[in-house]
$ cat my_file.txt   # compact mmCIF, C-alpha atoms
# COMPACT_ATOMS: atom_id res chain seq x y z
CA MET A 1 16.17 -8.19 30.16
CA GLU A 2 14.32 -5.43 28.43
CA ILE A 3 12.53 -5.64 25.09
CA ASN A 4 11.69 -2.41 23.26
CA ILE A 5 8.26 -2.28 21.70
CA LEU A 6 7.11 -0.15 18.76
CA SER A 7 3.38 -0.13 18.07
CA PHE A 8 1.70 1.07 14.89
CA GLY A 9 -1.80 2.21 13.91
CA LYS A 10 -4.65 0.92 16.02
CA ILE A 11 -2.24 -1.15 18.12
CA ALA A 12 -0.65 2.04 19.45
CA GLU A 13 -4.10 2.95 20.78
CA ILE A 14 -4.56 -0.46 22.41
CA MET A 15 -1.19 -0.58 24.17
CA THR A 16 0.87 2.40 25.15
CA ILE A 17 3.91 0.56 26.54
CA THR A 18 7.23 1.13 24.81
CA SER A 19 9.21 -1.56 26.61
CA LEU A 20 8.77 -4.75 28.56
CA LYS A 21 11.01 -6.03 31.36
CA THR A 22 11.22 -9.73 32.18
CA ASP A 23 13.54 -12.05 34.10
CA GLU A 24 12.42 -15.14 32.20
CA PRO A 25 13.84 -16.15 28.82
CA MET A 26 11.51 -14.85 26.14
CA ASP A 27 10.71 -15.53 22.51
CA THR A 28 8.35 -13.83 20.06
CA ASP A 29 5.54 -16.36 20.66
CA GLY A 30 5.86 -15.80 24.41
CA LEU A 31 5.85 -12.05 23.93
CA LYS A 32 2.63 -12.27 21.89
CA LEU A 33 0.95 -14.35 24.61
CA GLN A 34 2.04 -11.95 27.33
CA LEU A 35 0.87 -8.87 25.41
CA GLU A 36 -2.46 -10.46 24.52
CA GLU A 37 -2.96 -11.29 28.18
CA SER A 38 -2.24 -7.72 29.25
CA TYR A 39 -4.17 -6.18 26.33
CA PRO A 40 -7.03 -8.55 25.41
CA ALA A 41 -8.12 -6.27 22.54
CA LEU A 42 -4.95 -7.43 20.72
CA LYS A 43 -6.51 -10.89 20.40
CA THR A 44 -9.33 -9.46 18.29
CA ILE A 45 -7.17 -8.04 15.50
CA LYS A 46 -4.60 -9.37 13.06
CA TYR A 47 -1.07 -8.08 13.38
CA LYS A 48 2.48 -8.94 12.43
CA LEU A 49 5.72 -8.66 14.37
CA ALA A 50 9.08 -7.50 13.15
CA LEU A 51 12.19 -8.22 15.23
CA ASN A 52 15.01 -5.74 14.74
CA LYS A 53 13.42 -4.63 11.46
CA GLN A 54 12.97 -8.16 10.08
CA ILE A 55 9.54 -9.65 9.67
CA VAL A 56 8.89 -12.54 12.07
CA GLN A 57 7.73 -15.59 10.10
CA GLN A 58 8.44 -18.16 12.82
CA ASN A 59 9.17 -18.09 16.55
CA ARG A 60 12.38 -16.19 17.34
CA LYS A 61 14.39 -15.93 20.55
CA LEU A 62 14.53 -12.47 22.10
CA LEU A 63 17.60 -10.82 23.63
CA SER A 64 17.82 -7.79 25.83
CA GLY A 65 17.74 -4.59 23.79
CA ASP A 66 15.82 -6.17 20.90
CA VAL A 67 13.24 -3.99 19.18
CA VAL A 68 9.91 -5.61 18.35
CA ALA A 69 7.55 -3.73 16.04
CA ILE A 70 3.86 -4.65 16.11
CA MET A 71 1.96 -3.73 12.95
CA PRO A 72 -1.70 -4.04 12.01
CA PRO A 73 -2.85 -4.02 8.37
CA PHE A 74 -4.28 -0.75 7.02
CA SER A 75 -6.95 -0.66 4.35
CA GLY A 76 -7.53 3.04 3.78
CA GLY A 77 -6.89 4.94 0.61
CA MET B 1 11.57 12.96 -27.29
CA SER B 2 9.17 15.68 -26.25
CA GLU B 3 10.51 18.82 -24.54
CA ARG B 4 7.86 18.03 -21.93
CA TYR B 5 10.16 15.47 -20.25
CA ASN B 6 13.36 17.55 -20.48
CA ARG B 7 13.83 17.99 -16.72
CA GLN B 8 13.86 14.27 -16.05
CA VAL B 9 15.66 13.24 -19.23
CA ILE B 10 18.64 15.42 -18.22
CA LEU B 11 18.77 13.61 -14.87
CA ASN B 12 21.93 11.62 -14.32
CA GLY B 13 21.05 7.93 -14.19
CA PHE B 14 17.60 8.36 -15.70
CA GLY B 15 18.21 9.93 -19.09
CA LEU B 16 16.65 9.21 -22.42
CA SER B 17 16.68 5.45 -21.82
CA GLY B 18 14.69 5.88 -18.61
CA GLN B 19 12.16 8.03 -20.41
CA GLN B 20 11.86 5.52 -23.24
CA LYS B 21 11.14 2.75 -20.73
CA LEU B 22 8.32 4.82 -19.20
CA ALA B 23 6.93 5.56 -22.68
CA LYS B 24 6.72 1.82 -23.38
CA ALA B 25 5.18 0.98 -20.00
CA LYS B 26 1.54 0.21 -19.26
CA VAL B 27 0.41 0.95 -15.71
CA LEU B 28 -2.97 0.23 -14.15
CA VAL B 29 -4.14 2.28 -11.17
CA ILE B 30 -6.96 0.55 -9.26
CA GLY B 31 -9.08 3.01 -7.31
CA VAL B 32 -9.20 6.69 -8.28
CA GLY B 33 -9.36 8.03 -4.74
CA GLY B 34 -6.98 9.46 -2.16
CA LEU B 35 -4.07 7.33 -3.39
CA GLY B 36 -5.07 6.98 -7.04
CA CYS B 37 -5.50 10.70 -7.79
CA PRO B 38 -1.94 11.82 -6.95
CA ALA B 39 -0.44 8.60 -8.37
CA LEU B 40 -2.24 9.20 -11.67
CA GLN B 41 -1.26 12.85 -11.84
CA TYR B 42 2.45 12.13 -11.43
CA LEU B 43 2.42 9.07 -13.69
CA ALA B 44 0.63 11.03 -16.41
CA GLY B 45 3.07 13.90 -15.99
CA ALA B 46 6.03 11.51 -16.11
CA GLY B 47 4.93 10.13 -19.48
CA ILE B 48 3.87 6.53 -18.74
CA GLY B 49 2.88 5.32 -22.23
CA THR B 50 -0.46 3.76 -21.30
CA LEU B 51 -2.25 4.63 -18.10
CA GLY B 52 -5.34 2.62 -17.13
CA PHE B 53 -7.53 3.52 -14.17
CA ILE B 54 -10.51 1.69 -12.79
CA ASP B 55 -13.18 2.84 -10.34
CA GLY B 56 -16.98 2.65 -10.36
CA ASP B 57 -17.36 5.33 -7.72
CA ARG B 58 -18.67 8.88 -8.05
CA VAL B 59 -17.26 11.99 -6.41
CA SER B 60 -18.74 12.88 -3.03
CA ILE B 61 -18.10 16.04 -1.07
CA SER B 62 -16.14 14.21 1.64
CA ASN B 63 -13.64 13.03 -1.02
CA LEU B 64 -12.47 16.52 -1.84
CA HIS B 65 -10.11 17.10 1.08
CA ARG B 66 -7.78 14.49 -0.37
CA GLN B 67 -8.83 13.73 -3.97
CA LEU B 68 -7.59 16.87 -5.66
CA LEU B 69 -8.31 15.76 -9.22
CA PHE B 70 -11.95 16.70 -8.56
CA LYS B 71 -13.82 19.94 -8.04
CA THR B 72 -16.71 20.84 -5.74
CA SER B 73 -18.91 21.43 -8.78
CA GLU B 74 -18.27 17.81 -9.89
CA VAL B 75 -19.83 16.07 -6.87
CA GLY B 76 -21.94 13.13 -8.08
CA ARG B 77 -19.99 12.53 -11.30
CA LEU B 78 -18.02 9.41 -12.23
CA LYS B 79 -14.43 9.64 -11.01
CA VAL B 80 -12.84 7.95 -14.02
CA GLU B 81 -14.62 10.27 -16.45
CA LEU B 82 -13.37 13.34 -14.65
CA ALA B 83 -9.88 11.88 -14.27
CA ALA B 84 -9.73 11.15 -18.02
CA ILE B 85 -10.60 14.77 -18.87
CA SER B 86 -8.16 16.27 -16.40
CA LEU B 87 -5.26 13.90 -17.12
CA SER B 88 -5.50 14.12 -20.90
CA ALA B 89 -5.46 17.90 -20.56
CA LEU B 90 -2.31 17.52 -18.48
CA ASN B 91 -0.61 15.20 -20.97
CA PRO B 92 -2.26 14.57 -24.35
CA GLU B 93 0.78 12.59 -25.56
CA ILE B 94 -0.07 9.37 -23.72
CA ILE B 95 -2.88 6.81 -23.88
CA PHE B 96 -5.53 6.73 -21.15
CA LYS B 97 -7.86 3.80 -20.51
CA PRO B 98 -10.65 4.59 -18.03
CA TYR B 99 -12.72 1.67 -16.71
CA PRO B 100 -15.96 3.01 -15.14
CA TYR B 101 -16.69 0.04 -12.86
CA PHE B 102 -15.24 -1.81 -9.88
CA ILE B 103 -12.83 -4.70 -10.23
CA ASN B 104 -14.12 -8.08 -9.23
CA GLN B 105 -13.00 -11.66 -9.28
CA ALA B 106 -14.47 -12.21 -12.73
CA ASN B 107 -12.94 -9.21 -14.51
CA ILE B 108 -9.62 -8.62 -12.78
CA LEU B 109 -7.43 -11.14 -14.61
CA ASP B 110 -8.50 -9.98 -18.07
CA ILE B 111 -7.88 -6.33 -17.15
CA LEU B 112 -4.52 -6.94 -15.45
CA ARG B 113 -3.12 -9.02 -18.28
CA ASP B 114 -2.65 -5.92 -20.46
CA TYR B 115 -0.47 -4.10 -17.93
CA ASP B 116 3.18 -4.20 -16.81
CA LEU B 117 2.61 -2.86 -13.30
CA VAL B 118 -0.34 -2.37 -10.97
CA ILE B 119 -0.92 0.32 -8.35
CA ASP B 120 -3.32 -0.55 -5.53
CA GLY B 121 -5.18 2.61 -4.54
CA THR B 122 -8.27 0.91 -3.12
CA ASP B 123 -9.84 1.45 0.28
CA ASN B 124 -10.92 -1.97 1.49
CA PHE B 125 -9.41 -5.34 2.32
CA ASN B 126 -11.55 -7.37 -0.10
CA ALA B 127 -10.18 -5.44 -3.03
CA ARG B 128 -6.63 -5.42 -1.67
CA TYR B 129 -6.49 -9.20 -1.26
CA LEU B 130 -8.12 -9.75 -4.65
CA ILE B 131 -5.59 -7.46 -6.35
CA ASN B 132 -2.69 -9.06 -4.49
CA ASP B 133 -3.72 -12.59 -5.37
CA ALA B 134 -4.35 -11.72 -9.02
CA CYS B 135 -0.94 -10.02 -9.25
CA VAL B 136 0.74 -13.05 -7.65
CA LEU B 137 -0.93 -15.36 -10.17
CA LEU B 138 -0.01 -13.19 -13.17
CA LYS B 139 3.41 -12.23 -11.72
CA LYS B 140 2.65 -8.53 -12.06
CA PRO B 141 4.66 -6.04 -10.01
CA LEU B 142 2.29 -4.45 -7.48
CA VAL B 143 2.93 -1.14 -5.76
CA PHE B 144 0.95 -1.33 -2.54
CA ALA B 145 0.02 1.54 -0.24
CA ALA B 146 -2.54 1.85 2.55
CA VAL B 147 -3.19 4.58 5.07
CA SER B 148 -5.06 5.04 8.30
CA GLY B 149 -5.28 8.09 10.54
CA PHE B 150 -1.82 9.62 10.46
CA GLU B 151 0.06 6.49 9.37
CA GLY B 152 0.68 4.55 6.19
CA GLN B 153 2.35 1.48 4.70
CA LEU B 154 4.12 1.15 1.35
CA ALA B 155 5.66 -1.84 -0.45
CA VAL B 156 6.54 -3.26 -3.85
CA PHE B 157 5.29 -6.82 -4.23
CA ASN B 158 6.00 -9.58 -6.76
CA VAL B 159 9.32 -8.15 -7.87
CA PRO B 160 12.20 -10.62 -7.32
CA ASP B 161 15.34 -9.37 -5.55
CA VAL B 162 18.90 -10.30 -6.65
CA ASN B 163 18.40 -13.76 -5.14
CA GLY B 164 15.19 -14.30 -7.07
CA ILE B 165 13.05 -13.99 -3.92
CA SER B 166 9.81 -12.03 -4.04
CA THR B 167 7.10 -11.41 -1.46
CA ASN B 168 3.48 -10.34 -1.54
CA TYR B 169 0.86 -8.90 0.83
CA ARG B 170 -0.04 -12.34 2.18
CA ASP B 171 3.54 -12.80 3.38
CA VAL B 172 2.86 -9.88 5.73
CA PHE B 173 -0.82 -10.44 6.52
CA PRO B 174 -1.76 -13.96 5.33
CA ILE B 175 -5.41 -13.82 6.39
CA PRO B 176 -7.72 -10.87 5.63
CA PRO B 177 -9.09 -9.13 8.73
CA GLU B 178 -12.73 -9.70 9.63
CA LYS B 179 -15.21 -7.00 8.73
CA GLY B 180 -14.94 -4.17 11.26
CA GLU B 181 -11.71 -5.51 12.77
CA ILE B 182 -9.65 -2.73 11.21
CA LEU B 183 -11.35 0.53 10.34
CA ASN B 184 -11.05 2.19 6.92
CA CYS B 185 -10.73 5.91 6.24
CA ALA B 186 -14.48 6.48 6.31
CA GLU B 187 -14.63 5.05 9.81
CA ASN B 188 -11.26 5.96 11.25
CA GLY B 189 -10.61 9.20 9.39
CA VAL B 190 -7.52 10.25 7.47
CA ILE B 191 -5.67 13.52 7.19
CA GLY B 192 -5.99 14.63 3.55
CA VAL B 193 -2.30 15.10 2.82
CA LEU B 194 -1.39 11.54 3.91
CA PRO B 195 -2.81 9.63 0.91
CA GLY B 196 -1.32 12.48 -1.16
CA ILE B 197 2.12 11.55 0.14
CA PHE B 198 1.53 7.82 -0.34
CA GLY B 199 -0.02 8.07 -3.81
CA THR B 200 2.97 10.17 -4.83
CA MET B 201 5.36 7.60 -3.34
CA GLN B 202 3.52 4.86 -5.26
CA ALA B 203 4.13 6.78 -8.47
CA ALA B 204 7.80 7.14 -7.48
CA GLU B 205 8.17 3.39 -6.83
CA ALA B 206 6.43 2.58 -10.13
CA ILE B 207 8.82 4.89 -12.01
CA LYS B 208 11.81 3.25 -10.25
CA VAL B 209 10.66 -0.30 -11.07
CA LEU B 210 9.82 0.53 -14.69
CA SER B 211 12.91 2.57 -15.49
CA GLY B 212 15.27 0.42 -13.43
CA ILE B 213 16.68 3.22 -11.29
CA GLY B 214 17.40 3.29 -7.56
CA ARG B 215 16.27 0.71 -5.02
CA PRO B 216 12.52 0.13 -5.11
CA LEU B 217 10.94 -1.16 -1.89
CA VAL B 218 11.32 -4.78 -2.96
CA ASN B 219 10.90 -7.18 -0.02
CA LYS B 220 10.52 -4.20 2.29
CA LEU B 221 7.57 -2.65 4.08
CA LEU B 222 7.81 1.05 4.83
CA ASN B 223 5.83 2.35 7.79
CA TYR B 224 5.34 6.10 7.94
CA ASN B 225 4.04 8.31 10.73
CA LEU B 226 3.03 11.78 9.63
CA LEU B 227 2.76 13.23 13.14
CA ALA B 228 6.31 12.22 14.02
CA GLN B 229 7.54 12.58 10.40
CA SER B 230 9.21 9.21 10.94
CA VAL B 231 9.86 6.21 8.73
CA TYR B 232 10.36 2.62 9.93
CA GLU B 233 11.34 0.15 7.25
CA ILE B 234 11.25 -3.60 7.82
CA GLU B 235 12.61 -6.42 5.69
CA LEU B 236 10.10 -8.95 4.37
CA SER B 237 10.61 -12.63 3.71
CA PRO B 238 8.20 -15.25 2.38
CA GLY B 239 5.77 -16.65 4.96
CA PRO B 240 6.13 -20.29 6.08
CA ALA B 241 4.67 -22.89 3.71
CA GLY B 242 0.95 -23.34 4.19
CA SER B 243 0.32 -19.94 5.81
CA TYR B 244 -1.94 -19.01 2.91
CA VAL B 245 -3.38 -20.54 -0.23
CA ARG B 246 -1.80 -19.43 -3.47
CA ALA B 247 -3.88 -19.85 -6.61
CA LYS B 248 -2.01 -22.18 -8.97
CA ASP B 249 -3.91 -21.25 -12.09
CA GLU B 250 -6.81 -19.23 -13.34
CA ASN B 251 -9.41 -21.83 -12.42
CA SER B 252 -8.25 -22.11 -8.84
CA PHE B 253 -8.12 -18.29 -8.66
CA LEU B 254 -11.72 -18.10 -9.82
CA SER B 255 -12.80 -20.73 -7.31
CA LEU B 256 -11.26 -18.87 -4.36
CA ARG B 257 -13.96 -16.71 -2.86
CA PHE B 258 -13.81 -12.98 -2.44
CA GLU B 259 -16.56 -10.84 -1.04
CA ASN B 260 -18.06 -7.98 -2.99
CA LEU B 261 -15.73 -5.12 -3.57
CA THR B 262 -17.51 -2.02 -2.46
CA ALA B 263 -15.99 -0.21 0.49
CA ASP B 264 -16.22 -2.20 3.70
CA ASN B 265 -17.54 0.59 5.89
CA ALA B 266 -20.11 0.15 8.61
CA GLY B 267 -22.88 0.36 6.02
CA VAL B 268 -26.50 1.40 5.96
CA VAL B 269 -28.90 -0.84 7.82
CA GLU B 270 -32.20 -1.33 6.02
CA ILE B 271 -35.15 -1.44 8.40
CA ASP B 272 -38.90 -1.99 8.22
CA PHE B 273 -41.59 0.21 9.75
CA GLU B 274 -41.71 -1.66 13.04
CA GLU B 275 -37.95 -1.26 13.52
CA LEU B 276 -38.35 2.41 12.67
CA GLN B 277 -40.84 2.78 15.51
CA ILE B 278 -38.42 1.08 17.94
CA ILE B 279 -35.51 3.29 16.86
CA LYS B 280 -37.68 6.41 17.18
CA ALA B 281 -38.87 5.37 20.61
CA LYS B 282 -35.27 5.05 21.84
CA GLY B 283 -34.77 8.75 21.03
CA ASN B 284 -31.69 10.63 19.76
CA CYS B 285 -33.09 9.97 16.31
CA LEU B 286 -33.60 12.09 13.22
CA LEU B 287 -35.78 11.21 10.26
CA VAL B 288 -34.46 12.57 6.98
CA ASP B 289 -36.87 12.73 4.06
CA VAL B 290 -34.74 12.81 0.91
CA ARG B 291 -37.68 13.15 -1.50
CA GLU B 292 -38.14 16.26 -3.58
CA VAL B 293 -40.46 18.93 -2.14
CA TYR B 294 -43.18 18.23 -4.73
CA GLU B 295 -43.54 14.53 -3.86
CA SER B 296 -46.49 13.26 -1.89
CA PRO B 297 -47.79 12.15 0.47
CA LYS B 298 -46.34 14.81 2.72
CA LEU B 299 -45.38 13.44 6.08
CA SER B 300 -48.12 14.58 8.39
CA SER B 301 -46.14 15.58 11.47
CA GLY B 302 -43.19 14.68 13.64
CA GLU B 303 -39.54 15.48 13.85
CA TYR B 304 -38.34 14.86 10.35
CA ARG B 305 -36.25 17.14 8.16
CA GLN B 306 -36.42 17.36 4.42
CA PHE B 307 -33.20 17.29 2.37
CA PRO B 308 -34.15 16.61 -1.26
CA MET B 309 -31.76 14.22 -3.05
CA SER B 310 -31.25 16.84 -5.79
CA GLU B 311 -29.55 18.99 -3.16
CA ILE B 312 -27.84 16.20 -1.25
CA GLU B 313 -24.79 18.43 -0.64
CA LYS B 314 -26.90 20.42 1.81
CA LEU B 315 -27.44 17.30 3.89
CA MET B 316 -23.75 16.48 3.70
CA LYS B 317 -22.75 20.00 4.80
CA GLU B 318 -25.14 19.88 7.76
CA ASN B 319 -23.58 18.69 11.01
CA LEU B 320 -26.26 16.31 12.26
CA LEU B 321 -26.33 15.97 16.03
CA GLU B 322 -28.53 12.90 16.44
CA LYS B 323 -26.87 9.52 16.86
CA ASN B 324 -29.46 7.62 14.84
CA ILE B 325 -30.32 8.84 11.35
CA VAL B 326 -33.12 7.23 9.37
CA CYS B 327 -33.31 8.15 5.68
CA ILE B 328 -36.63 7.76 3.96
CA CYS B 329 -37.88 8.30 0.43
CA GLN B 330 -40.65 7.00 -1.78
CA HIS B 331 -39.31 3.47 -2.47
CA GLY B 332 -36.24 3.10 -0.26
CA ILE B 333 -33.71 3.43 -3.07
CA ARG B 334 -32.66 7.07 -2.87
CA SER B 335 -32.69 6.81 0.91
CA LEU B 336 -30.21 3.95 0.69
CA GLY B 337 -27.94 6.11 -1.49
CA ALA B 338 -28.22 9.05 0.89
CA GLY B 339 -27.52 6.69 3.79
CA GLU B 340 -24.36 5.43 2.10
CA GLN B 341 -23.11 8.99 1.76
CA LEU B 342 -23.93 9.66 5.40
CA CYS B 343 -22.02 6.51 6.35
CA GLU B 344 -19.04 7.77 4.44
CA LYS B 345 -19.21 11.07 6.29
CA TYR B 346 -19.91 9.83 9.80
CA GLY B 347 -18.54 6.28 9.75
CA ILE B 348 -19.27 4.35 12.90
CA THR B 349 -19.95 7.48 14.96
CA LYS B 350 -23.61 7.26 13.93
CA ASN B 351 -26.13 4.55 13.13
CA ILE B 352 -27.48 5.14 9.64
CA TYR B 353 -30.72 3.47 8.57
CA SER B 354 -32.81 3.40 5.43
CA LEU B 355 -36.47 2.50 5.39
CA LYS B 356 -36.81 -0.50 3.10
CA GLY B 357 -39.60 -0.15 0.56
CA GLY B 358 -39.98 3.51 1.46
CA ILE B 359 -43.12 5.47 2.10
CA ALA B 360 -44.92 3.65 -0.70
CA ARG B 361 -44.79 0.36 1.20
CA TRP B 362 -45.77 1.79 4.59
CA LYS B 363 -48.18 4.46 3.35
CA GLN B 364 -51.03 3.84 5.76
CA PHE B 365 -48.71 4.26 8.73
CA PHE B 366 -47.14 7.44 7.47
CA THR B 367 -50.31 9.41 7.01
CA SER B 368 -51.59 8.57 10.47
CA ARG B 369 -48.72 7.90 12.81
CA LEU B 370 -45.77 10.11 11.99

$ encode --input "my_file.txt" --output "structure tokens"
Amino acid sequence: MEINILSFGKIAEIMTITSLKTDEPMDTDGLKLQLEESYPALKTIKYKLALNKQIVQQNRKLLSGDVVAIMPPFSGG
Amino acid sequence: MSERYNRQVILNGFGLSGQQKLAKAKVLVIGVGGLGCPALQYLAGAGIGTLGFIDGDRVSISNLHRQLLFKTSEVGRLKVELAAISLSALNPEIIFKPYPYFINQANILDILRDYDLVIDGTDNFNARYLINDACVLLKKPLVFAAVSGFEGQLAVFNVPDVNGISTNYRDVFPIPPEKGEILNCAENGVIGVLPGIFGTMQAAEAIKVLSGIGRPLVNKLLNYNLLAQSVYEIELSPGPAGSYVRAKDENSFLSLRFENLTADNAGVVEIDFEELQIIKAKGNCLLVDVREVYESPKLSSGEYRQFPMSEIEKLMKENLLEKNIVCICQHGIRSLGAGEQLCEKYGITKNIYSLKGGIARWKQFFTSRL
């Protein structure tokens, strides 16, 4: 299956991928682990996921074609 | 009703009743910077009855590409003073309340209590979490916006939806980032028009919430990318129980700890004379004497440049090439101020130092060794 990935702010600089292919079943916790393994800099910042435009507050199962947004906080003004 | 508001009073769905709601409303804008300036201009124009604004900062030259309430000739002056003059000239029919200091844990609740809605226009996480938590405690609608680079986020917090559910900043980011984890505008840069767009959108959301028109961004977080001119809106829901501590009452709010509320940029590092020698020895270093030309002792020799504090704009206009900049003055106070301005200009691209105690403390070294 293929998960689409949208990165924002500093995270878009850390990881440039826009999708992730996997044969294993995947959930949002698993996706986080996999991304943090591939992009260790992700581990050093706080971020939040949204699955299909809904904020992820607990682990959610992923299906092929899902869109996961990865957002860091911004402080500037 | 004043002719001034005619173009919005004749709007279908807004009308006289919408205008009357704005006239009764009290809005507090925290931070008179990139977000606060445009928000204040549109809220003043729209006829918000009472408009408070709080900021202890003064105008610096690097503010002017995005903070269009201020003029080049006003560099160094208090932002709230200038805003009060400009906004009351724009609309003398409403009440303005300038607060010439920064919010902190001790003063925020008393200030917020008087207002119906709060706009967060600050530039650092300490202030943002403090404002959020205070608004949660007092159940004040909070229009949040934050920008970085070419992107921004916008949301309306603490306003219940039709099901009575409301969310706040901690439902999105429960724990504040560590210092330096996420860069602010001074470090990461921001294109001037971006906070202009977001401050204006904050004013728009405030007007919607107060007048009851349209669909404010309740339980939604809007992400905007200026380069792509794209918007990505996500739906928010409350975080799981225990993901953050919510102050139950004023006492527990006051006992929660917040750090000081000045901008969380990389900051000036204060050094002693020995550290100065080490930094100089490493090279790629410039000494900046910010004393006035008539002050003594004169530095005897060496690669320093003089930029008197009275003409600090000259230093700010100069494009310094060295990576390490050490500011010095007589007692280490003006040099700290100059260093802070340099930090704002260069962010983490340079190391900015200030000699603690200044030339007065290290006099014997200066006359012989520099």

$ residues_around --input "my_file.txt" --residues "Lys48 of chain A" --least-positions-apart "5" --cutoff "10 Å" --atoms "only C-alpha atoms" --output "PDB file with C-alpha atoms, keeping the file's coordinate frame"
ATOM      1  CA  ILE A  55       9.540  -9.650   9.670  1.00  0.00           C
ATOM      2  CA  VAL A  56       8.890 -12.540  12.070  1.00  0.00           C
ATOM      3  CA  GLN A  57       7.730 -15.590  10.100  1.00  0.00           C
ATOM      4  CA  ALA A  69       7.550  -3.730  16.040  1.00  0.00           C
ATOM      5  CA  ILE A  70       3.860  -4.650  16.110  1.00  0.00           C
ATOM      6  CA  MET A  71       1.960  -3.730  12.950  1.00  0.00           C
ATOM      7  CA  PRO A  72      -1.700  -4.040  12.010  1.00  0.00           C
ATOM      8  CA  PRO A  73      -2.850  -4.020   8.370  1.00  0.00           C
TER       9      PRO A  73
ATOM     10  CA  ASP B 171       3.540 -12.800   3.380  1.00  0.00           C
ATOM     11  CA  VAL B 172       2.860  -9.880   5.730  1.00  0.00           C
ATOM     12  CA  PHE B 173      -0.820 -10.440   6.520  1.00  0.00           C
ATOM     13  CA  PRO B 174      -1.760 -13.960   5.330  1.00  0.00           C
TER      14      PRO B 174
END

$ closest_atom_pairs --input "my_file.txt" --of "chain A" --to "chain B" --cutoff "6 Å" --atoms "all atoms listed in the file" --output "CSV"
residue,atom,partner,partner_atom,distance
A:Ile45,CA,B:Glu181,CA,5.9
A:Lys53,CA,B:Ile234,CA,4.4
A:Gln54,CA,B:Glu235,CA,4.7
A:Ile55,CA,B:Leu236,CA,5.4
A:Gln57,CA,B:Gly239,CA,5.6
A:Phe74,CA,B:Ala146,CA,5.5
A:Ser75,CA,B:Asn124,CA,5.1
A:Gly76,CA,B:Asp123,CA,4.5
A:Gly77,CA,B:Asp123,CA,4.6

$ write_last_selection --input "my_file.txt" --atoms "C-alpha atoms" --output "PDB file, in the coordinates of the input"
ATOM      1  CA  ILE A  45      -7.170  -8.040  15.500  1.00  0.00           C
ATOM      2  CA  LYS A  53      13.420  -4.630  11.460  1.00  0.00           C
ATOM      3  CA  GLN A  54      12.970  -8.160  10.080  1.00  0.00           C
ATOM      4  CA  ILE A  55       9.540  -9.650   9.670  1.00  0.00           C
ATOM      5  CA  GLN A  57       7.730 -15.590  10.100  1.00  0.00           C
ATOM      6  CA  PHE A  74      -4.280  -0.750   7.020  1.00  0.00           C
ATOM      7  CA  SER A  75      -6.950  -0.660   4.350  1.00  0.00           C
ATOM      8  CA  GLY A  76      -7.530   3.040   3.780  1.00  0.00           C
ATOM      9  CA  GLY A  77      -6.890   4.940   0.610  1.00  0.00           C
TER      10      GLY A  77
END

$ residues_around --input "my_file.txt" --residues "Leu63 of chain A" --least-positions-apart "5" --cutoff "9 Å" --atoms "only C-alpha atoms" --output "list of chain:residue names"
A:Met1, A:Glu2, A:Ile3, A:Pro25, A:Met26, A:Asp27

$ atom_distance --input "my_file.txt" --atom1 "atom CA of Asn168 of chain B" --atom2 "atom CA of Asn104 of chain B"
19.3 Å

$ closest_residue --input "my_file.txt" --among "B:Thr200, B:Thr167, B:Ile30, B:Gly47" --to "Ile119 of chain B" --atoms "only C-alpha atoms"
B:Ile30

$ atom_distance --input "my_file.txt" --atom1 "atom CA of Ser88 of chain B" --atom2 "atom CA of Ser60 of chain B"
22.3 Å

$ decode --input "my_file.txt" --residues "segment 5-13 of chain B" --atoms "N, CA and C atoms" --output "tab-separated table (two decimals), in the first residue's frame"
chain	number	residue	atom	x	y	z
B	5	TYR	N	-18.72	53.41	9.12
B	5	TYR	CA	-18.87	51.96	8.98
B	5	TYR	C	-19.87	51.58	7.88
B	6	ASN	N	-20.31	52.57	7.09
B	6	ASN	CA	-21.36	52.35	6.10
B	6	ASN	C	-21.12	51.13	5.22
B	7	ARG	N	-19.88	50.96	4.72
B	7	ARG	CA	-19.65	49.88	3.75
B	7	ARG	C	-19.80	48.49	4.36
B	8	GLN	N	-19.60	48.37	5.66
B	8	GLN	CA	-19.85	47.03	6.23
B	8	GLN	C	-21.24	46.89	6.81
B	9	VAL	N	-21.84	48.02	7.22
B	9	VAL	CA	-23.21	47.96	7.75
B	9	VAL	C	-24.19	47.57	6.63
B	10	ILE	N	-23.90	48.00	5.39
B	10	ILE	CA	-24.82	47.64	4.29
B	10	ILE	C	-24.61	46.20	3.81
B	11	LEU	N	-23.62	45.52	4.38
B	11	LEU	CA	-23.38	44.13	3.99
B	11	LEU	C	-24.52	43.23	4.43
B	12	ASN	N	-24.99	42.40	3.50
B	12	ASN	CA	-25.98	41.40	3.84
B	12	ASN	C	-25.42	40.45	4.88
B	13	GLY	N	-26.16	40.22	5.96
B	13	GLY	CA	-25.71	39.26	6.96
B	13	GLY	C	-24.86	39.89	8.04
